[in-house]
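Novice: One file: work-v9.pdb (PDB, C-alpha atoms and all ligand atoms).
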```pdb
ATOM      1  CA  MET A  37      13.046   1.298 -53.544  1.00  0.00           C
ATOM      2  CA  LYS A  38      16.588   2.250 -52.498  1.00  0.00           C
ATOM      3  CA  GLU A  39      17.947  -0.056 -55.232  1.00  0.00           C
ATOM      4  CA  LEU A  40      15.681   1.599 -57.820  1.00  0.00           C
ATOM      5  CA  ILE A  41      16.944   5.068 -56.859  1.00  0.00           C
ATOM      6  CA  SER A  42      20.600   4.018 -56.939  1.00  0.00           C
ATOM      7  CA  GLY A  43      19.937   2.372 -60.342  1.00  0.00           C
ATOM      8  CA  PHE A  44      18.814   5.784 -61.651  1.00  0.00           C
ATOM      9  CA  GLY A  45      21.935   7.288 -60.078  1.00  0.00           C
ATOM     10  CA  PHE A  46      24.188   4.891 -62.020  1.00  0.00           C
ATOM     11  CA  ALA A  47      22.281   5.634 -65.231  1.00  0.00           C
ATOM     12  CA  PHE A  48      22.756   9.405 -64.731  1.00  0.00           C
ATOM     13  CA  LYS A  49      26.449   8.758 -64.020  1.00  0.00           C
ATOM     14  CA  GLY A  50      26.643   7.011 -67.413  1.00  0.00           C
ATOM     15  CA  LEU A  51      24.876   9.918 -69.126  1.00  0.00           C
ATOM     16  CA  LYS A  52      27.222  12.403 -67.430  1.00  0.00           C
ATOM     17  CA  TYR A  53      30.270  10.372 -68.537  1.00  0.00           C
ATOM     18  CA  ALA A  54      29.073  10.187 -72.168  1.00  0.00           C
ATOM     19  CA  PHE A  55      28.254  13.906 -72.199  1.00  0.00           C
ATOM     20  CA  ALA A  56      31.610  14.881 -70.687  1.00  0.00           C
ATOM     21  CA  THR A  57      33.800  12.674 -72.896  1.00  0.00           C
ATOM     22  CA  GLN A  58      32.001  12.435 -76.262  1.00  0.00           C
ATOM     23  CA  LEU A  59      31.789  15.462 -78.546  1.00  0.00           C
ATOM     24  CA  ASN A  60      29.364  13.601 -80.836  1.00  0.00           C
ATOM     25  CA  PHE A  61      27.026  12.916 -77.907  1.00  0.00           C
ATOM     26  CA  ARG A  62      26.981  16.661 -77.099  1.00  0.00           C
ATOM     27  CA  ILE A  63      26.380  17.546 -80.775  1.00  0.00           C
ATOM     28  CA  HIS A  64      23.516  15.037 -81.062  1.00  0.00           C
ATOM     29  CA  THR A  65      21.975  16.252 -77.786  1.00  0.00           C
ATOM     30  CA  ALA A  66      22.073  19.823 -79.116  1.00  0.00           C
ATOM     31  CA  ALA A  67      20.534  18.643 -82.417  1.00  0.00           C
ATOM     32  CA  GLY A  68      17.748  16.993 -80.415  1.00  0.00           C
ATOM     33  CA  PHE A  69      16.986  20.286 -78.638  1.00  0.00           C
ATOM     34  CA  VAL A  70      16.972  22.112 -81.988  1.00  0.00           C
ATOM     35  CA  ALA A  71      14.472  19.537 -83.363  1.00  0.00           C
ATOM     36  CA  ILE A  72      12.220  20.017 -80.295  1.00  0.00           C
ATOM     37  CA  LEU A  73      12.395  23.808 -80.674  1.00  0.00           C
ATOM     38  CA  ALA A  74      11.632  23.561 -84.412  1.00  0.00           C
ATOM     39  CA  GLY A  75       8.723  21.216 -83.648  1.00  0.00           C
ATOM     40  CA  ALA A  76       7.237  23.712 -81.194  1.00  0.00           C
ATOM     41  CA  LEU A  77       7.745  26.698 -83.521  1.00  0.00           C
ATOM     42  CA  LEU A  78       6.355  24.922 -86.584  1.00  0.00           C
ATOM     43  CA  HIS A  79       3.427  23.350 -84.680  1.00  0.00           C
ATOM     44  CA  ILE A  80       4.048  19.765 -85.770  1.00  0.00           C
ATOM     45  CA  ASN A  81       1.254  17.271 -85.081  1.00  0.00           C
ATOM     46  CA  ASN A  82       1.176  14.349 -82.617  1.00  0.00           C
ATOM     47  CA  SER A  83       2.457  11.696 -85.009  1.00  0.00           C
ATOM     48  CA  GLU A  84       5.268  14.011 -86.152  1.00  0.00           C
ATOM     49  CA  TRP A  85       6.209  14.524 -82.473  1.00  0.00           C
ATOM     50  CA  LEU A  86       6.410  10.742 -82.119  1.00  0.00           C
ATOM     51  CA  TRP A  87       8.805  10.540 -85.099  1.00  0.00           C
ATOM     52  CA  VAL A  88      10.940  13.323 -83.616  1.00  0.00           C
ATOM     53  CA  ALA A  89      10.981  11.563 -80.220  1.00  0.00           C
ATOM     54  CA  LEU A  90      11.866   8.239 -81.881  1.00  0.00           C
ATOM     55  CA  CYS A  91      14.739   9.815 -83.833  1.00  0.00           C
ATOM     56  CA  ILE A  92      16.187  11.611 -80.787  1.00  0.00           C
ATOM     57  CA  THR A  93      15.920   8.437 -78.684  1.00  0.00           C
ATOM     58  CA  MET A  94      17.518   6.222 -81.334  1.00  0.00           C
ATOM     59  CA  VAL A  95      20.429   8.591 -82.026  1.00  0.00           C
ATOM     60  CA  LEU A  96      21.232   9.078 -78.320  1.00  0.00           C
ATOM     61  CA  LEU A  97      20.748   5.354 -77.650  1.00  0.00           C
ATOM     62  CA  THR A  98      23.209   4.316 -80.366  1.00  0.00           C
ATOM     63  CA  GLU A  99      25.644   7.037 -79.200  1.00  0.00           C
ATOM     64  CA  LEU A 100      25.502   5.609 -75.657  1.00  0.00           C
ATOM     65  CA  LEU A 101      25.978   2.031 -76.877  1.00  0.00           C
ATOM     66  CA  ASN A 102      28.864   3.201 -79.078  1.00  0.00           C
ATOM     67  CA  THR A 103      30.506   4.912 -76.091  1.00  0.00           C
ATOM     68  CA  GLY A 104      30.044   1.788 -73.965  1.00  0.00           C
ATOM     69  CA  VAL A 105      31.536  -0.484 -76.627  1.00  0.00           C
ATOM     70  CA  GLU A 106      34.450   1.929 -77.225  1.00  0.00           C
ATOM     71  CA  THR A 107      35.194   2.085 -73.501  1.00  0.00           C
ATOM     72  CA  LEU A 108      35.036  -1.704 -73.162  1.00  0.00           C
ATOM     73  CA  THR A 109      37.235  -2.143 -76.237  1.00  0.00           C
ATOM     74  CA  ASP A 110      39.869   0.223 -74.800  1.00  0.00           C
ATOM     75  CA  LEU A 111      39.738  -1.775 -71.542  1.00  0.00           C
ATOM     76  CA  VAL A 112      40.240  -5.205 -73.099  1.00  0.00           C
ATOM     77  CA  SER A 113      42.483  -4.080 -75.973  1.00  0.00           C
ATOM     78  CA  PRO A 114      44.479  -0.970 -75.066  1.00  0.00           C
ATOM     79  CA  GLY A 115      47.053  -1.621 -77.801  1.00  0.00           C
ATOM     80  CA  TYR A 116      46.486  -1.820 -81.574  1.00  0.00           C
ATOM     81  CA  ASN A 117      44.314  -4.777 -82.581  1.00  0.00           C
ATOM     82  CA  LYS A 118      42.626  -5.195 -85.973  1.00  0.00           C
ATOM     83  CA  LEU A 119      39.493  -6.739 -84.414  1.00  0.00           C
ATOM     84  CA  ALA A 120      39.251  -3.963 -81.808  1.00  0.00           C
ATOM     85  CA  GLY A 121      39.279  -1.500 -84.697  1.00  0.00           C
ATOM     86  CA  HIS A 122      36.471  -3.405 -86.459  1.00  0.00           C
ATOM     87  CA  VAL A 123      34.373  -3.428 -83.266  1.00  0.00           C
ATOM     88  CA  LYS A 124      34.675   0.368 -82.931  1.00  0.00           C
ATOM     89  CA  ASP A 125      34.012   0.926 -86.650  1.00  0.00           C
ATOM     90  CA  ILE A 126      30.856  -1.212 -86.509  1.00  0.00           C
ATOM     91  CA  THR A 127      29.292   0.661 -83.580  1.00  0.00           C
ATOM     92  CA  ALA A 128      30.308   3.974 -85.196  1.00  0.00           C
ATOM     93  CA  ALA A 129      28.470   2.768 -88.332  1.00  0.00           C
ATOM     94  CA  ALA A 130      25.361   2.076 -86.197  1.00  0.00           C
ATOM     95  CA  VAL A 131      25.403   5.725 -85.062  1.00  0.00           C
ATOM     96  CA  LEU A 132      25.836   6.910 -88.649  1.00  0.00           C
ATOM     97  CA  ILE A 133      22.889   4.831 -89.941  1.00  0.00           C
ATOM     98  CA  THR A 134      20.646   6.129 -87.147  1.00  0.00           C
ATOM     99  CA  ALA A 135      21.756   9.729 -87.704  1.00  0.00           C
ATOM    100  CA  ILE A 136      20.992   9.421 -91.455  1.00  0.00           C
ATOM    101  CA  PHE A 137      17.519   8.053 -90.605  1.00  0.00           C
ATOM    102  CA  ALA A 138      16.973  11.002 -88.218  1.00  0.00           C
ATOM    103  CA  LEU A 139      18.152  13.485 -90.852  1.00  0.00           C
ATOM    104  CA  ILE A 140      15.790  12.055 -93.494  1.00  0.00           C
ATOM    105  CA  SER A 141      12.872  12.041 -91.027  1.00  0.00           C
ATOM    106  CA  GLY A 142      13.686  15.633 -90.075  1.00  0.00           C
ATOM    107  CA  LEU A 143      13.699  16.699 -93.723  1.00  0.00           C
ATOM    108  CA  VAL A 144      10.363  14.935 -94.401  1.00  0.00           C
ATOM    109  CA  ILE A 145       8.727  16.595 -91.374  1.00  0.00           C
ATOM    110  CA  PHE A 146      10.293  20.067 -91.380  1.00  0.00           C
ATOM    111  CA  LEU A 147      11.252  20.903 -94.971  1.00  0.00           C
ATOM    112  CA  PRO A 148       7.683  21.249 -96.366  1.00  0.00           C
ATOM    113  CA  LYS A 149       6.715  23.464 -93.404  1.00  0.00           C
ATOM    114  CA  ILE A 150       9.833  25.638 -93.795  1.00  0.00           C
ATOM    115  CA  LEU A 151       9.285  25.955 -97.569  1.00  0.00           C
ATOM    116  CA  LEU A 152       5.634  26.889 -96.997  1.00  0.00           C
ATOM    117  CA  LEU A 153       6.702  29.535 -94.480  1.00  0.00           C
ATOM    118  CA  VAL A 154       9.346  30.956 -96.826  1.00  0.00           C
ATOM    119  CA  THR A 155       7.060  31.068 -99.903  1.00  0.00           C
ATOM    120  CA  HIS A 156       4.225  32.514 -97.792  1.00  0.00           C
ATOM    121  CA  HIS A 157       6.473  35.334 -96.564  1.00  0.00           C
ATOM    122  CA  ALA A 158       7.897  35.936-100.060  1.00  0.00           C
ATOM    123  CA  ALA A 159       4.410  36.288-101.596  1.00  0.00           C
TER     124      ALA A 159
HETATM  125  N1  LIG B 201      42.746  -0.562 -80.290  1.00  0.00           N
HETATM  126  C1  LIG B 201      42.563  -0.286 -81.576  1.00  0.00           C
HETATM  127  N2  LIG B 201      43.053  -1.103 -82.520  1.00  0.00           N
HETATM  128  C2  LIG B 201      42.862  -0.854 -83.838  1.00  0.00           C
HETATM  129  N3  LIG B 201      42.195   0.226 -84.320  1.00  0.00           N
HETATM  130  C3  LIG B 201      41.680   1.078 -83.432  1.00  0.00           C
HETATM  131  C4  LIG B 201      41.835   0.891 -82.024  1.00  0.00           C
HETATM  132  N4  LIG B 201      41.230   1.914 -81.381  1.00  0.00           N
HETATM  133  C5  LIG B 201      40.713   2.688 -82.349  1.00  0.00           C
HETATM  134  N5  LIG B 201      40.946   2.204 -83.570  1.00  0.00           N
HETATM  135  C6  LIG B 201      40.521   2.782 -84.870  1.00  0.00           C
HETATM  136  O1  LIG B 201      40.438   4.194 -84.740  1.00  0.00           O
HETATM  137  C7  LIG B 201      39.075   4.628 -84.898  1.00  0.00           C
HETATM  138  C8  LIG B 201      38.791   5.737 -83.916  1.00  0.00           C
HETATM  139  O2  LIG B 201      38.909   5.192 -82.610  1.00  0.00           O
HETATM  140  P1  LIG B 201      38.600   6.043 -81.321  1.00  0.00           P
HETATM  141  O3  LIG B 201      38.711   5.193 -80.121  1.00  0.00           O
HETATM  142  O4  LIG B 201      39.413   7.298 -81.345  1.00  0.00           O
HETATM  143  O5  LIG B 201      37.091   6.329 -81.614  1.00  0.00           O
HETATM  144  P2  LIG B 201      36.344   7.691 -81.669  1.00  0.00           P
HETATM  145  O6  LIG B 201      35.067   7.412 -82.390  1.00  0.00           O
HETATM  146  O7  LIG B 201      37.220   8.783 -82.214  1.00  0.00           O
HETATM  147  O8  LIG B 201      36.100   7.805 -80.133  1.00  0.00           O
HETATM  148  P3  LIG B 201      36.295   8.996 -79.130  1.00  0.00           P
HETATM  149  O9  LIG B 201      35.008   9.719 -79.190  1.00  0.00           O
HETATM  150  O10 LIG B 201      36.526   8.308 -77.827  1.00  0.00           O
HETATM  151  O11 LIG B 201      37.489   9.810 -79.597  1.00  0.00           O
HETATM  152  C9  LIG B 201      38.221   3.370 -84.664  1.00  0.00           C
HETATM  153  O12 LIG B 201      36.969   3.468 -85.314  1.00  0.00           O
HETATM  154  C10 LIG B 201      39.122   2.289 -85.250  1.00  0.00           C
HETATM  155  O13 LIG B 201      39.016   2.254 -86.660  1.00  0.00           O
END
```
I need this file expressed as structure tokens, please.
Ligand SMILES: Nc1ncnc2c1ncn2[C@@H]1O[C@H](COP(=O)(O)OP(=O)(O)OP(=O)(O)O)[C@@H](O)[C@H]1O

Specialist:
Amino acid sequence: MKELISGFGFAFKGLKYAFATQLNFRIHTAAGFVAILAGALLHINNSEWLWVALCITMVLLTELLNTGVETLTDLVSPGYNKLAGHVKDITAAAVLITAIFALISGLVIFLPKILLLVTHHAA
């Protein structure tokens, strides 16, 4: 039980480190909160909530993996190294792909509801 609790402690330490050092992690966390707020205000349904939860999880997960890989790369290759650059570019690309997926999902879920709201108010 003690090991389980200290395991959570290490995980929170990792989250705190990513949040403190990575601007992109803070931006994506804020975007996640905005999506949750929009979901509540626009009364999205259960399956839409699952898509929102999946997108937030995947973006933050890839951000955390990217931070881990970047940190490890800086540890093993502090100086310039072409391969080290490729490693960082590849994990950055993983974040980009996931963020694009989240953006498209967000548009599919929220845009029709926002347009309906706007046209309803305009009429
Ligand atoms: N050791 C290195 N050798 C070669 N190229 C590197 C190296 N470190 C970084 N780069 C190149 O610079 C880019 C930015 O690296 P950096 O470590 O600043 O990443 P970042 O995404 O800006 O991370 P951070 O959020 O820590 O600032 C990498 O994607 C890579 O192309």

Novice: Excluding Asn81 (chain A) and its own-chain neighbours fewer than 5 positions away, which residues fall within 12 Å of it when counting all atoms listed in the file? Please give them as number ranges by chain.

Specialist: A: 75-76, 86-88, 145-146, 149

Novice: What lies within 12 Å of Ile63 (chain A) using all atoms listed in the file, ignoring chain neighbours under 6 positions off, as a list in words?

Specialist: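 Near neighbours after the sequence-gap exclusion: Ala54, Phe55, Ala56, Thr57, Phe69, Val70, Ile92, Val95, Leu96, Glu99 and Ala135 of chain A.
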
Novice: Using only C-alpha atoms and all ligand atoms, tabulate the residues of chain A lying at most 10 Å from any atom of ligand LIG 201 (chain B), each with its closest atom pair and that distance in Å to one decimal, by chain and increasing residue number, as CSV.

Specialist:
```
residue,atom,partner,partner_atom,distance
A:Ala54,CA,B:LIG201,O9,9.2
A:Thr57,CA,B:LIG201,O9,7.1
A:Gln58,CA,B:LIG201,O9,5.0
A:Leu59,CA,B:LIG201,O9,6.6
A:Asn60,CA,B:LIG201,O9,7.0
A:Phe61,CA,B:LIG201,O9,8.7
A:Glu99,CA,B:LIG201,O9,9.7
A:Asn102,CA,B:LIG201,O6,8.2
A:Thr103,CA,B:LIG201,O10,7.1
A:Gly104,CA,B:LIG201,O10,10.0
A:Val105,CA,B:LIG201,O3,9.8
A:Glu106,CA,B:LIG201,O3,6.1
A:Thr107,CA,B:LIG201,O10,7.7
A:Thr109,CA,B:LIG201,N1,7.0
A:Asp110,CA,B:LIG201,N1,6.2
A:Leu111,CA,B:LIG201,N1,9.3
A:Val112,CA,B:LIG201,N1,8.9
A:Ser113,CA,B:LIG201,N1,5.6
A:Pro114,CA,B:LIG201,N1,5.5
A:Gly115,CA,B:LIG201,N1,5.1
A:Tyr116,CA,B:LIG201,N2,3.6
A:Asn117,CA,B:LIG201,N2,3.9
A:Lys118,CA,B:LIG201,C2,4.8
A:Leu119,CA,B:LIG201,C2,6.8
A:Ala120,CA,B:LIG201,N2,4.8
A:Gly121,CA,B:LIG201,N3,3.4
A:His122,CA,B:LIG201,O13,6.2
A:Val123,CA,B:LIG201,O12,7.6
A:Lys124,CA,B:LIG201,O12,4.5
A:Asp125,CA,B:LIG201,O12,4.1
A:Ile126,CA,B:LIG201,O12,7.8
A:Thr127,CA,B:LIG201,O12,8.4
A:Ala128,CA,B:LIG201,O6,6.5
A:Ala129,CA,B:LIG201,O12,9.0
```

Novice: Return the single residue from A:Met94, A:Ile150, A:Leu77, A:Leu101 that is closest to Thr134 (chain A), with distances computed using only C-alpha atoms.

Specialist: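 Once distances to Thr134 (chain A) are computed over only C-alpha atoms, the minimum belongs to A:Met94.
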
Novice: Pick from A:Glu84, A:Glu39, A:Ala66, A:Tyr53: nearest to Val144 (chain A), with all atoms listed in the file counted?

Specialist: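 Checking each candidate against Val144 (chain A), we get A:Glu84 as the closest.
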
Novice: Pick from A:Leu78, A:Leu90, A:Ser83, A:Ile136: nearest to Leu153 (chain A), with all atoms listed in the file counted?

Specialist: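 The shortest atom-to-atom distance to Leu153 (chain A) comes from A:Leu78.
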
Novice: How many Å lie between CA of Thr98 (chain A) and CA of Val131 (chain A), rounded to one decimal?

Specialist: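 Atom-to-atom, CA of Thr98 (chain A) to CA of Val131 (chain A), that is 5.4 Å.
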
Novice: Any idea what the distance is between CA of His157 (chain A) and CA of Gly142 (chain A)?

Specialist: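 Atom-to-atom, CA of His157 (chain A) and CA of Gly142 (chain A) are spaced 22.0 Å apart.
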
Novice: Determine the nearest neighbour of His64 (chain A) from the options A:Ala47, A:Leu139, A:Leu108, A:Met37, counting only C-alpha atoms.

Specialist: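 Ranked by minimum distance to His64 (chain A), first place goes to A:Leu139.
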
Novice: Considering only C-alpha atoms, can you say which of A:Arg62, A:Phe44, A:Gly68, A:His156 comes closest to Ala89 (chain A)?

Specialist: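 Of all the options, A:Gly68 lies closest to Ala89 (chain A).
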
Novice: Counting only C-alpha atoms, which of A:Leu73, A:Val154, A:Leu147, A:Leu51 gets nearest to Leu100 (chain A)?

Specialist: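 Going through A:Leu73, A:Val154, A:Leu147, A:Leu51 one by one, the smallest distance to Leu100 (chain A) is for A:Leu51.
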
Novice: Figure out the distance between CA of Ala130 (chain A) and CA of Cys91 (chain A), please, to one decimal in Å.

Specialist: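 Taking CA of Cys91 (chain A) and CA of Ala130 (chain A), their separation equals 13.4 Å.
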
Novice: Kindly compute an axis-aligned box around the listed atoms of region 75-92 of chain A, allowing 4 Å on each side, and express its centre and edge lengths in Å to one decimal as AutoDock Vina command-line options.

Specialist:
```
--center_x 8.7 --center_y 17.5 --center_z -83.4 --size_x 23.0 --size_y 26.5 --size_z 14.4
```
